[in-house]
Each structure stands twice: as C-alpha cells, then as structure tokens.
Amino acid sequence: MRSFKLLLAGCAVVMCSAFCHSQTTLAATPPMGWNSWNWFAEKVTDKDIRQAADLIVSSGMRDVGYTYINIDDTWEGKRDANGVIHSNEKFPDMKGLADYVHSKGLKLGIYSSPGPLTCAHYEGSQGHEEQDAKTYAEWGVDYLKYDLCSFAQTMKQAYPDDANARNKMMRDAYEKMHQAILKTHRPMVYSLCQYGNDSVWQWGPQVGANLWRTTNDTSANYDRMMIIAFAQAGLGKYAGPGHWNDPDMLEIGNGKLTHIENISHMTMWVIQAAPLIAGNNLSLMTDDVRSILTNRAVIAIDQDKAGKQGERVFAGEEIEIWARPLADGSTALALFNVGRDWNTMAGLTLHLKEAGFPGGAHAYDVWAGKDLGRIKDTDVMAIPGHGAVLLKLTR
Ligand code: GLA
C-alpha cells in the first residue's frame, strides 16, 4: 500500500512538473507579436505574412520582444477526403511559410474556431480538433487563437433555454482543443477568443489558456479603446505568468489615432500586463509609431517578470489612475485624461496613497525618460487631452 502511495505521489510530481512547467514557461510574460486581422482582415496573404516577418526584424521590433507572427482568420481552405484541413490559395505552402518565419527567429501563430465555421465563415475545427492540432504541429505552428464564432449557435441549438449547459459546452470545447494541442507535444500558446463571456478569466487557465480575450473587438478609435481598457478594472487578480487577460490586439498606427492617443493606448496595455500584439501595416509604419511600439522602458513594464496586472486606484470624471507593482519593488503609475483638453487633473491629486506611497515617492517619467525627483500625494500633473503619463515610483 505504502509503495502504491509513493508511486502515486511520484506520478503526481512528474505530471505536475510536465504540466506546471509548460504553464509557467509558455507565455511566462504577456505574449508579444503581430497579428494580421486589424489591418489586413480577410485580405491577408502568404506574402503579407512574410513581409510582416521581414519588417518585424528590420524595424527592430523583434529585438525588443515582438516574436509571434499570427495569421488570423481566412487562411482556411477545404478538408480532404480524410478530413485533413488545407490552407486556401492565399496560403499555398503553410509549412514553407512557417519555415520562413522561423528562419527569422520568429514564431508563427494561426487561427481557428471550435465551431463549424470561423467568424469570417471559413472552415472551423468542430469534430476535427485532434486532426487540426496535428496539422498545425506538422506545419510548425507555435500559437493558436481559438475563436468561438459559430460555436455560439451550436450551443444555442443544443441548449436554447439553459445558459449553464451552454457555458459548460463552451468550456468543454476549449478543453478539447487544449487536449488536442497537448497530444501534439508541440508547445503552442493557446489564445481563447470568446469576447469575455461567462467570466472566462475564472476558468481560462483550467482549459489551458495562456490568454483570453476579455471583451468584444476593439477598433482604432480612442473612445472604444478606452471603454475596453477601463472595463478591465477588477480583473488584475486573474492574470499571472502563463495566463493573461487580453483586452484585444493593438491598434497603434491604425485609423486616425493621434500620437497622444497611441501613447495612451500603449500605456494602458502595459499597465495591465496585456499581450502586445501589434495590428498595424508594418510597411506603412511611421517613425513615430515605431518609436511608441519599441520603447524599451515602456515594454519592460509590460513584460515585468512578477506578472502582476495593474489595477485602477482612482477614477474621476475625466481622470483615471492605475497602478502596477513591479518585480524590483517599484510601482508603475499611469494617469489618463480622457477629456479633450489639457488637464491639470481637474483639481484632483496624484492619489499616491492608494498606490502604496503615502509619504510621497521618487518618480521617473517613463515616456519622457526624465527623472522628476520627489513627488507628493497632493501634487497634480499636466496631462494632454486623450493623453497619459506613465511614471515609475520608488520610495
Ligand atoms: C472575431 C475576433 C477578431 C477576429 C475576427 C476574424 O471578430 O474577435 O479578433 O479574429 O473574428 O474573423
């Protein structure tokens, strides 16, 4: 009996070391990379992906941590007689594409759905999970975004009047693909996309998710972006090494976002330990956008190895203050002015007390790269309309 118990304990250690290891080393910090959807959407081709890989390298983005080149929806072709999925004519050679991306020191991401169809109505993985995971592994895929899409209808048809049963069905579907990935023995970052339904942050890690979307789709629009960002309040405790909240991919460099709005966007994502998946057309990237996306001091906050997501410490009408504790004992403090005009915090103060610095702090302005010396709880700061300030506070 004793030896049986010891054997069981031994098995548990081996299983935990395999499982826990993959949990903590894969996406140990929030994943960084680029995804095709926000710019190319359904028009993306093999050529665009190769070009993105080239430009991630030549722009210096790879060297500051952008690693995953992710093909979003619309790469899917038909299944053959054996049920094996093939890419469509826009992607003539997936294995060749993966080899190319890997030759640049980068990793390749792909996209599918647990339903019969993806959101753009291409072939999904329902009923072919193991087969698809195997195909991805054979191609050399390193990351899967798994998007609910048509599975919502499958759930509704199965349980029109039972939300709990529908939710269970969804979790099972995500777990099914998780198991299929594990079976390939190829590490793949597993990215859940079901728009934050059913408090995914509470069960995402149990179905193997390394990240999970917390909201519906973003857009290159300041108001939409900040609505999404502020809706993250309270979710910080669910994130950590290997498992992250994902408020969606970056829109920096897209649409009409101004320099100041792009700074706010990046500031919000790094204070929240969000995945940094760029979504712009890298061949059109301006020096200004590149400098925002590649700011090493700012990225270091996102990638801080303690992996603690920041939280809101104060919300006024036009001012929000968020704080994030960092591994070296310092705290990142982000101040946002969602109003349109320059604002010296509308009479509000820095709220350093709530951020854990009742006696004031030594502050470093991260975007400006400037030491600000001592600051006090009762100080205010000048913040441009739609702008943000990112500070690093020490005692
Ligand atoms: C959904 C997702 C997007 C994108 C599209 C592709 O809308 O939320 O991020 O993947 O599908 O069809």
# chains A, B, ... in the order shown; residues from 1 in each chain; ligands from 1
>>> residues_around(residues="A:Val380", least_positions_apart="4", cutoff="9 Å", atoms="only C-alpha atoms", output="list in words")
Thr344, Met345, Ala346, Gly347, Leu348, Thr349, Leu350 and Lys376 of chain A
>>> write_last_selection(atoms="N, CA and C atoms", output="PDB file, in the first residue's frame")
ATOM      1  N   THR A 344      -4.898  69.734 -15.756  1.00  0.00           N
ATOM      2  CA  THR A 344      -4.006  69.530 -14.616  1.00  0.00           C
ATOM      3  C   THR A 344      -4.788  68.746 -13.565  1.00  0.00           C
ATOM      4  N   MET A 345      -5.386  67.707 -14.030  1.00  0.00           N
ATOM      5  CA  MET A 345      -6.077  66.710 -13.219  1.00  0.00           C
ATOM      6  C   MET A 345      -7.346  67.255 -12.572  1.00  0.00           C
ATOM      7  N   ALA A 346      -7.912  68.273 -13.183  1.00  0.00           N
ATOM      8  CA  ALA A 346      -9.199  68.818 -12.748  1.00  0.00           C
ATOM      9  C   ALA A 346      -9.273  68.984 -11.231  1.00  0.00           C
ATOM     10  N   GLY A 347      -8.154  69.443 -10.664  1.00  0.00           N
ATOM     11  CA  GLY A 347      -8.152  69.674  -9.215  1.00  0.00           C
ATOM     12  C   GLY A 347      -7.916  68.413  -8.404  1.00  0.00           C
ATOM     13  N   LEU A 348      -7.843  67.267  -9.075  1.00  0.00           N
ATOM     14  CA  LEU A 348      -7.596  66.009  -8.353  1.00  0.00           C
ATOM     15  C   LEU A 348      -6.102  65.879  -8.077  1.00  0.00           C
ATOM     16  N   THR A 349      -5.753  65.035  -7.115  1.00  0.00           N
ATOM     17  CA  THR A 349      -4.334  64.863  -6.804  1.00  0.00           C
ATOM     18  C   THR A 349      -3.855  63.495  -7.279  1.00  0.00           C
ATOM     19  N   LEU A 350      -2.583  63.250  -7.085  1.00  0.00           N
ATOM     20  CA  LEU A 350      -1.978  62.041  -7.645  1.00  0.00           C
ATOM     21  C   LEU A 350      -2.440  60.730  -6.998  1.00  0.00           C
ATOM     22  N   LYS A 376       4.591  64.378  -4.373  1.00  0.00           N
ATOM     23  CA  LYS A 376       3.751  64.194  -3.179  1.00  0.00           C
ATOM     24  C   LYS A 376       2.341  63.779  -3.588  1.00  0.00           C
TER      25      LYS A 376
END
>>> select_by_dssp(residues="stretch 162-325 of chain A", states="alpha helix (DSSP H)", output="PyMOL selection string")
chain A and resi 163-184+200-203+222-230+259-271+287-293+296-302
>>> write_last_selection(atoms="C-alpha atoms", output="mmCIF file, in the first residue's frame")
data_model
loop_
_atom_site.group_PDB
_atom_site.id
_atom_site.type_symbol
_atom_site.label_atom_id
_atom_site.label_comp_id
_atom_site.auth_asym_id
_atom_site.auth_seq_id
_atom_site.Cartn_x
_atom_site.Cartn_y
_atom_site.Cartn_z
ATOM 1 C CA ALA A 163 -27.279 29.104 -20.082
ATOM 2 C CA ASN A 164 -25.322 26.889 -17.678
ATOM 3 C CA ALA A 165 -25.378 23.961 -20.063
ATOM 4 C CA ARG A 166 -24.338 26.252 -22.925
ATOM 5 C CA ASN A 167 -21.412 27.554 -20.891
ATOM 6 C CA LYS A 168 -20.310 24.060 -19.965
ATOM 7 C CA MET A 169 -20.429 23.100 -23.612
ATOM 8 C CA MET A 170 -18.190 26.061 -24.441
ATOM 9 C CA ARG A 171 -15.647 25.197 -21.741
ATOM 10 C CA ASP A 172 -15.593 21.590 -22.915
ATOM 11 C CA ALA A 173 -14.939 22.729 -26.473
ATOM 12 C CA TYR A 174 -11.980 24.844 -25.339
ATOM 13 C CA GLU A 175 -10.668 21.983 -23.221
ATOM 14 C CA LYS A 176 -10.997 19.615 -26.171
ATOM 15 C CA MET A 177 -8.634 21.711 -28.269
ATOM 16 C CA HIS A 178 -6.332 22.124 -25.269
ATOM 17 C CA GLN A 179 -6.036 18.340 -25.022
ATOM 18 C CA ALA A 180 -5.530 18.090 -28.771
ATOM 19 C CA ILE A 181 -2.644 20.565 -28.561
ATOM 20 C CA LEU A 182 -1.061 18.699 -25.650
ATOM 21 C CA LYS A 183 -1.260 15.496 -27.664
ATOM 22 C CA THR A 184 0.952 17.006 -30.377
ATOM 23 C CA VAL A 200 -13.605 33.473 -18.823
ATOM 24 C CA TRP A 201 -10.854 34.825 -16.526
ATOM 25 C CA GLN A 202 -12.169 32.477 -13.817
ATOM 26 C CA TRP A 203 -11.844 29.273 -15.862
ATOM 27 C CA TYR A 222 -9.912 56.329 -28.831
ATOM 28 C CA ASP A 223 -13.297 56.098 -27.112
ATOM 29 C CA ARG A 224 -13.808 52.420 -27.976
ATOM 30 C CA MET A 225 -10.281 51.603 -26.837
ATOM 31 C CA MET A 226 -10.649 53.353 -23.511
ATOM 32 C CA ILE A 227 -14.074 51.799 -22.851
ATOM 33 C CA ILE A 228 -12.431 48.405 -23.309
ATOM 34 C CA ALA A 229 -9.438 49.400 -21.200
ATOM 35 C CA PHE A 230 -11.383 50.755 -18.254
ATOM 36 C CA HIS A 259 0.400 60.385 -31.326
ATOM 37 C CA ILE A 260 -1.064 61.213 -27.915
ATOM 38 C CA GLU A 261 -3.816 58.588 -28.260
ATOM 39 C CA ASN A 262 -1.281 55.946 -29.319
ATOM 40 C CA ILE A 263 0.759 56.757 -26.200
ATOM 41 C CA SER A 264 -2.385 56.305 -24.065
ATOM 42 C CA HIS A 265 -3.152 53.006 -25.815
ATOM 43 C CA MET A 266 0.328 51.604 -25.170
ATOM 44 C CA THR A 267 0.348 52.931 -21.599
ATOM 45 C CA MET A 268 -2.962 51.257 -20.814
ATOM 46 C CA TRP A 269 -1.872 47.922 -22.280
ATOM 47 C CA VAL A 270 1.456 47.862 -20.403
ATOM 48 C CA ILE A 271 -0.040 48.903 -17.061
ATOM 49 C CA ASP A 287 8.971 56.513 -37.163
ATOM 50 C CA ASP A 288 6.631 57.911 -34.544
ATOM 51 C CA VAL A 289 4.542 54.716 -34.366
ATOM 52 C CA ARG A 290 7.674 52.588 -34.386
ATOM 53 C CA SER A 291 9.154 54.547 -31.503
ATOM 54 C CA ILE A 292 5.969 54.039 -29.453
ATOM 55 C CA LEU A 293 5.819 50.293 -30.169
ATOM 56 C CA ARG A 296 12.192 49.532 -24.274
ATOM 57 C CA ALA A 297 11.458 51.151 -20.896
ATOM 58 C CA VAL A 298 7.716 51.009 -21.555
ATOM 59 C CA ILE A 299 7.859 47.405 -22.812
ATOM 60 C CA ALA A 300 9.868 46.434 -19.725
ATOM 61 C CA ILE A 301 6.859 47.375 -17.599
ATOM 62 C CA ASP A 302 4.543 45.185 -19.696
#
>>> residues_near_ligand(ligand="ligand 1", cutoff="7 Å", atoms="only C-alpha atoms and all ligand atoms", output="list in words")
Trp37, Asp72, Asp73, Thr118, Cys119, Ala120, Asp147, Cys149, Cys193, Tyr195, Asn216 and Asp217 of chain A
>>> residues_around(residues="A:Arg213", least_positions_apart="4", cutoff="8 Å", atoms="only C-alpha atoms", output="MDAnalysis selection string")
chainID A and resid 191:196 245:248
>>> residues_around(residues="A:Lys392", least_positions_apart="5", cutoff="12 Å", atoms="only C-alpha atoms", output="VMD selection string")
chain A and resid 271 297 to 298 300 to 301 322 to 326 328 to 335 352 355 357 361 to 375
>>> write_last_selection(atoms="N, CA, C and O atoms", output="short mmCIF file (atom, residue, chain, number, x, y, z; two decimals), in the first residue's frame")
data_model
loop_
_atom_site.label_atom_id
_atom_site.label_comp_id
_atom_site.auth_asym_id
_atom_site.auth_seq_id
_atom_site.Cartn_x
_atom_site.Cartn_y
_atom_site.Cartn_z
N ILE A 271 0.30 48.85 -18.49
CA ILE A 271 -0.04 48.90 -17.06
C ILE A 271 -0.89 47.67 -16.72
O ILE A 271 -0.89 47.19 -15.59
N ALA A 297 11.80 50.93 -22.31
CA ALA A 297 11.46 51.15 -20.90
C ALA A 297 9.97 50.88 -20.67
O ALA A 297 9.56 50.34 -19.63
N VAL A 298 9.16 51.23 -21.66
CA VAL A 298 7.72 51.01 -21.56
C VAL A 298 7.42 49.51 -21.66
O VAL A 298 6.64 48.95 -20.87
N ALA A 300 9.37 47.13 -20.92
CA ALA A 300 9.87 46.43 -19.72
C ALA A 300 8.80 46.37 -18.64
O ALA A 300 8.73 45.41 -17.87
N ILE A 301 7.94 47.40 -18.59
CA ILE A 301 6.86 47.37 -17.60
C ILE A 301 5.85 46.29 -17.97
O ILE A 301 5.45 45.48 -17.15
N TRP A 322 -4.08 54.34 -12.57
CA TRP A 322 -3.88 52.88 -12.44
C TRP A 322 -2.48 52.62 -11.92
O TRP A 322 -1.54 53.33 -12.29
N ALA A 323 -2.32 51.58 -11.09
CA ALA A 323 -1.01 51.27 -10.53
C ALA A 323 -0.68 49.80 -10.73
O ALA A 323 -1.56 48.94 -10.66
N ARG A 324 0.60 49.54 -10.96
CA ARG A 324 1.04 48.15 -11.18
C ARG A 324 2.34 47.88 -10.41
O ARG A 324 3.37 48.52 -10.70
N PRO A 325 2.32 46.97 -9.43
CA PRO A 325 3.55 46.66 -8.70
C PRO A 325 4.53 45.86 -9.57
O PRO A 325 4.11 44.96 -10.29
N LEU A 326 5.80 46.22 -9.51
CA LEU A 326 6.81 45.58 -10.37
C LEU A 326 7.77 44.73 -9.53
O LEU A 326 7.88 44.90 -8.31
N ASP A 328 10.91 44.67 -9.10
CA ASP A 328 12.02 45.28 -8.35
C ASP A 328 11.53 46.10 -7.15
O ASP A 328 12.30 46.84 -6.55
N GLY A 329 10.25 46.00 -6.82
CA GLY A 329 9.72 46.71 -5.65
C GLY A 329 9.19 48.09 -6.01
O GLY A 329 8.57 48.76 -5.17
N SER A 330 9.41 48.53 -7.24
CA SER A 330 8.87 49.84 -7.65
C SER A 330 7.41 49.64 -8.12
O SER A 330 6.92 48.51 -8.21
N THR A 331 6.76 50.74 -8.43
CA THR A 331 5.37 50.69 -8.90
C THR A 331 5.24 51.54 -10.15
O THR A 331 5.76 52.67 -10.20
N ALA A 332 4.59 50.99 -11.17
CA ALA A 332 4.27 51.81 -12.35
C ALA A 332 2.94 52.49 -12.10
O ALA A 332 1.99 51.84 -11.64
N LEU A 333 2.88 53.78 -12.33
CA LEU A 333 1.64 54.54 -12.13
C LEU A 333 1.26 55.18 -13.46
O LEU A 333 2.08 55.87 -14.08
N ALA A 334 0.04 54.93 -13.91
CA ALA A 334 -0.41 55.51 -15.17
C ALA A 334 -1.58 56.44 -14.91
O ALA A 334 -2.51 56.10 -14.18
N LEU A 335 -1.49 57.64 -15.48
CA LEU A 335 -2.54 58.64 -15.31
C LEU A 335 -3.13 58.93 -16.68
O LEU A 335 -2.39 59.17 -17.64
N LEU A 352 -1.26 59.10 -4.54
CA LEU A 352 -0.13 58.19 -4.29
C LEU A 352 -0.40 57.27 -3.12
O LEU A 352 0.12 56.15 -3.07
N ALA A 355 -1.83 54.19 -4.18
CA ALA A 355 -0.88 53.38 -4.94
C ALA A 355 0.21 52.82 -4.02
O ALA A 355 1.16 52.20 -4.49
N PHE A 357 2.04 54.73 -1.68
CA PHE A 357 3.11 55.67 -1.35
C PHE A 357 2.57 56.86 -0.56
O PHE A 357 2.60 57.99 -1.04
N ALA A 361 6.84 59.85 -3.23
CA ALA A 361 7.67 58.89 -3.96
C ALA A 361 8.70 59.60 -4.79
O ALA A 361 8.59 60.80 -5.06
N HIS A 362 9.69 58.84 -5.19
CA HIS A 362 10.62 59.33 -6.20
C HIS A 362 10.04 58.89 -7.55
O HIS A 362 9.67 57.74 -7.71
N ALA A 363 9.93 59.81 -8.50
CA ALA A 363 9.24 59.48 -9.75
C ALA A 363 10.15 59.62 -10.97
O ALA A 363 10.95 60.55 -11.06
N TYR A 364 9.97 58.68 -11.87
CA TYR A 364 10.65 58.72 -13.16
C TYR A 364 9.58 58.71 -14.23
O TYR A 364 8.69 57.86 -14.24
N ASP A 365 9.62 59.70 -15.14
CA ASP A 365 8.64 59.77 -16.22
C ASP A 365 9.13 58.86 -17.36
O ASP A 365 10.12 59.18 -18.03
N VAL A 366 8.43 57.75 -17.55
CA VAL A 366 8.95 56.70 -18.45
C VAL A 366 8.95 57.14 -19.92
O VAL A 366 9.93 56.96 -20.63
N TRP A 367 7.87 57.73 -20.40
CA TRP A 367 7.83 58.17 -21.81
C TRP A 367 8.82 59.30 -22.06
O TRP A 367 9.48 59.33 -23.10
N ALA A 368 8.92 60.23 -21.09
CA ALA A 368 9.83 61.37 -21.28
C ALA A 368 11.28 60.97 -21.01
O ALA A 368 12.21 61.69 -21.40
N GLY A 369 11.48 59.84 -20.32
CA GLY A 369 12.84 59.41 -19.96
C GLY A 369 13.47 60.41 -19.01
O GLY A 369 14.65 60.74 -19.12
N LYS A 370 12.67 60.92 -18.06
CA LYS A 370 13.13 62.03 -17.23
C LYS A 370 12.87 61.76 -15.75
O LYS A 370 11.77 61.36 -15.37
N ASP A 371 13.91 62.01 -14.95
CA ASP A 371 13.77 61.88 -13.50
C ASP A 371 13.01 63.10 -12.99
O ASP A 371 13.39 64.24 -13.27
N LEU A 372 11.94 62.88 -12.24
CA LEU A 372 11.14 64.02 -11.76
C LEU A 372 11.44 64.36 -10.30
O LEU A 372 10.83 65.27 -9.74
N GLY A 373 12.33 63.59 -9.65
CA GLY A 373 12.61 63.84 -8.24
C GLY A 373 11.45 63.42 -7.36
O GLY A 373 10.63 62.58 -7.74
N ARG A 374 11.33 64.05 -6.17
CA ARG A 374 10.25 63.66 -5.24
C ARG A 374 8.91 64.23 -5.70
O ARG A 374 8.84 65.39 -6.11
N ILE A 375 7.86 63.43 -5.57
CA ILE A 375 6.51 63.94 -5.80
C ILE A 375 5.66 63.59 -4.58
O ILE A 375 5.97 62.64 -3.85
#
>>> residues_around(residues="A:His128", least_positions_apart="4", cutoff="12 Å", atoms="only C-alpha atoms", output="ChimeraX atom specification")
/A:79-80,82-85,112-116,123-124,132-135,173,176-177,180
>>> closest_residue(among="A:Gln272, A:Asn280, A:Thr29, A:Gln309", to="A:Ala41", atoms="only C-alpha atoms")
A:Asn280
>>> select_by_dssp(residues="stretch 201-374 of chain A", states="strand (DSSP E)", output="VMD selection string")
chain A and resid 211 to 213 244 to 246 276 to 278 311 to 315 319 to 325 331 to 337 361 to 365 370 to 374
>>> atom_distance(atom1="atom CA of A:Gly385", atom2="atom CA of A:Gly339")
5.3 Å
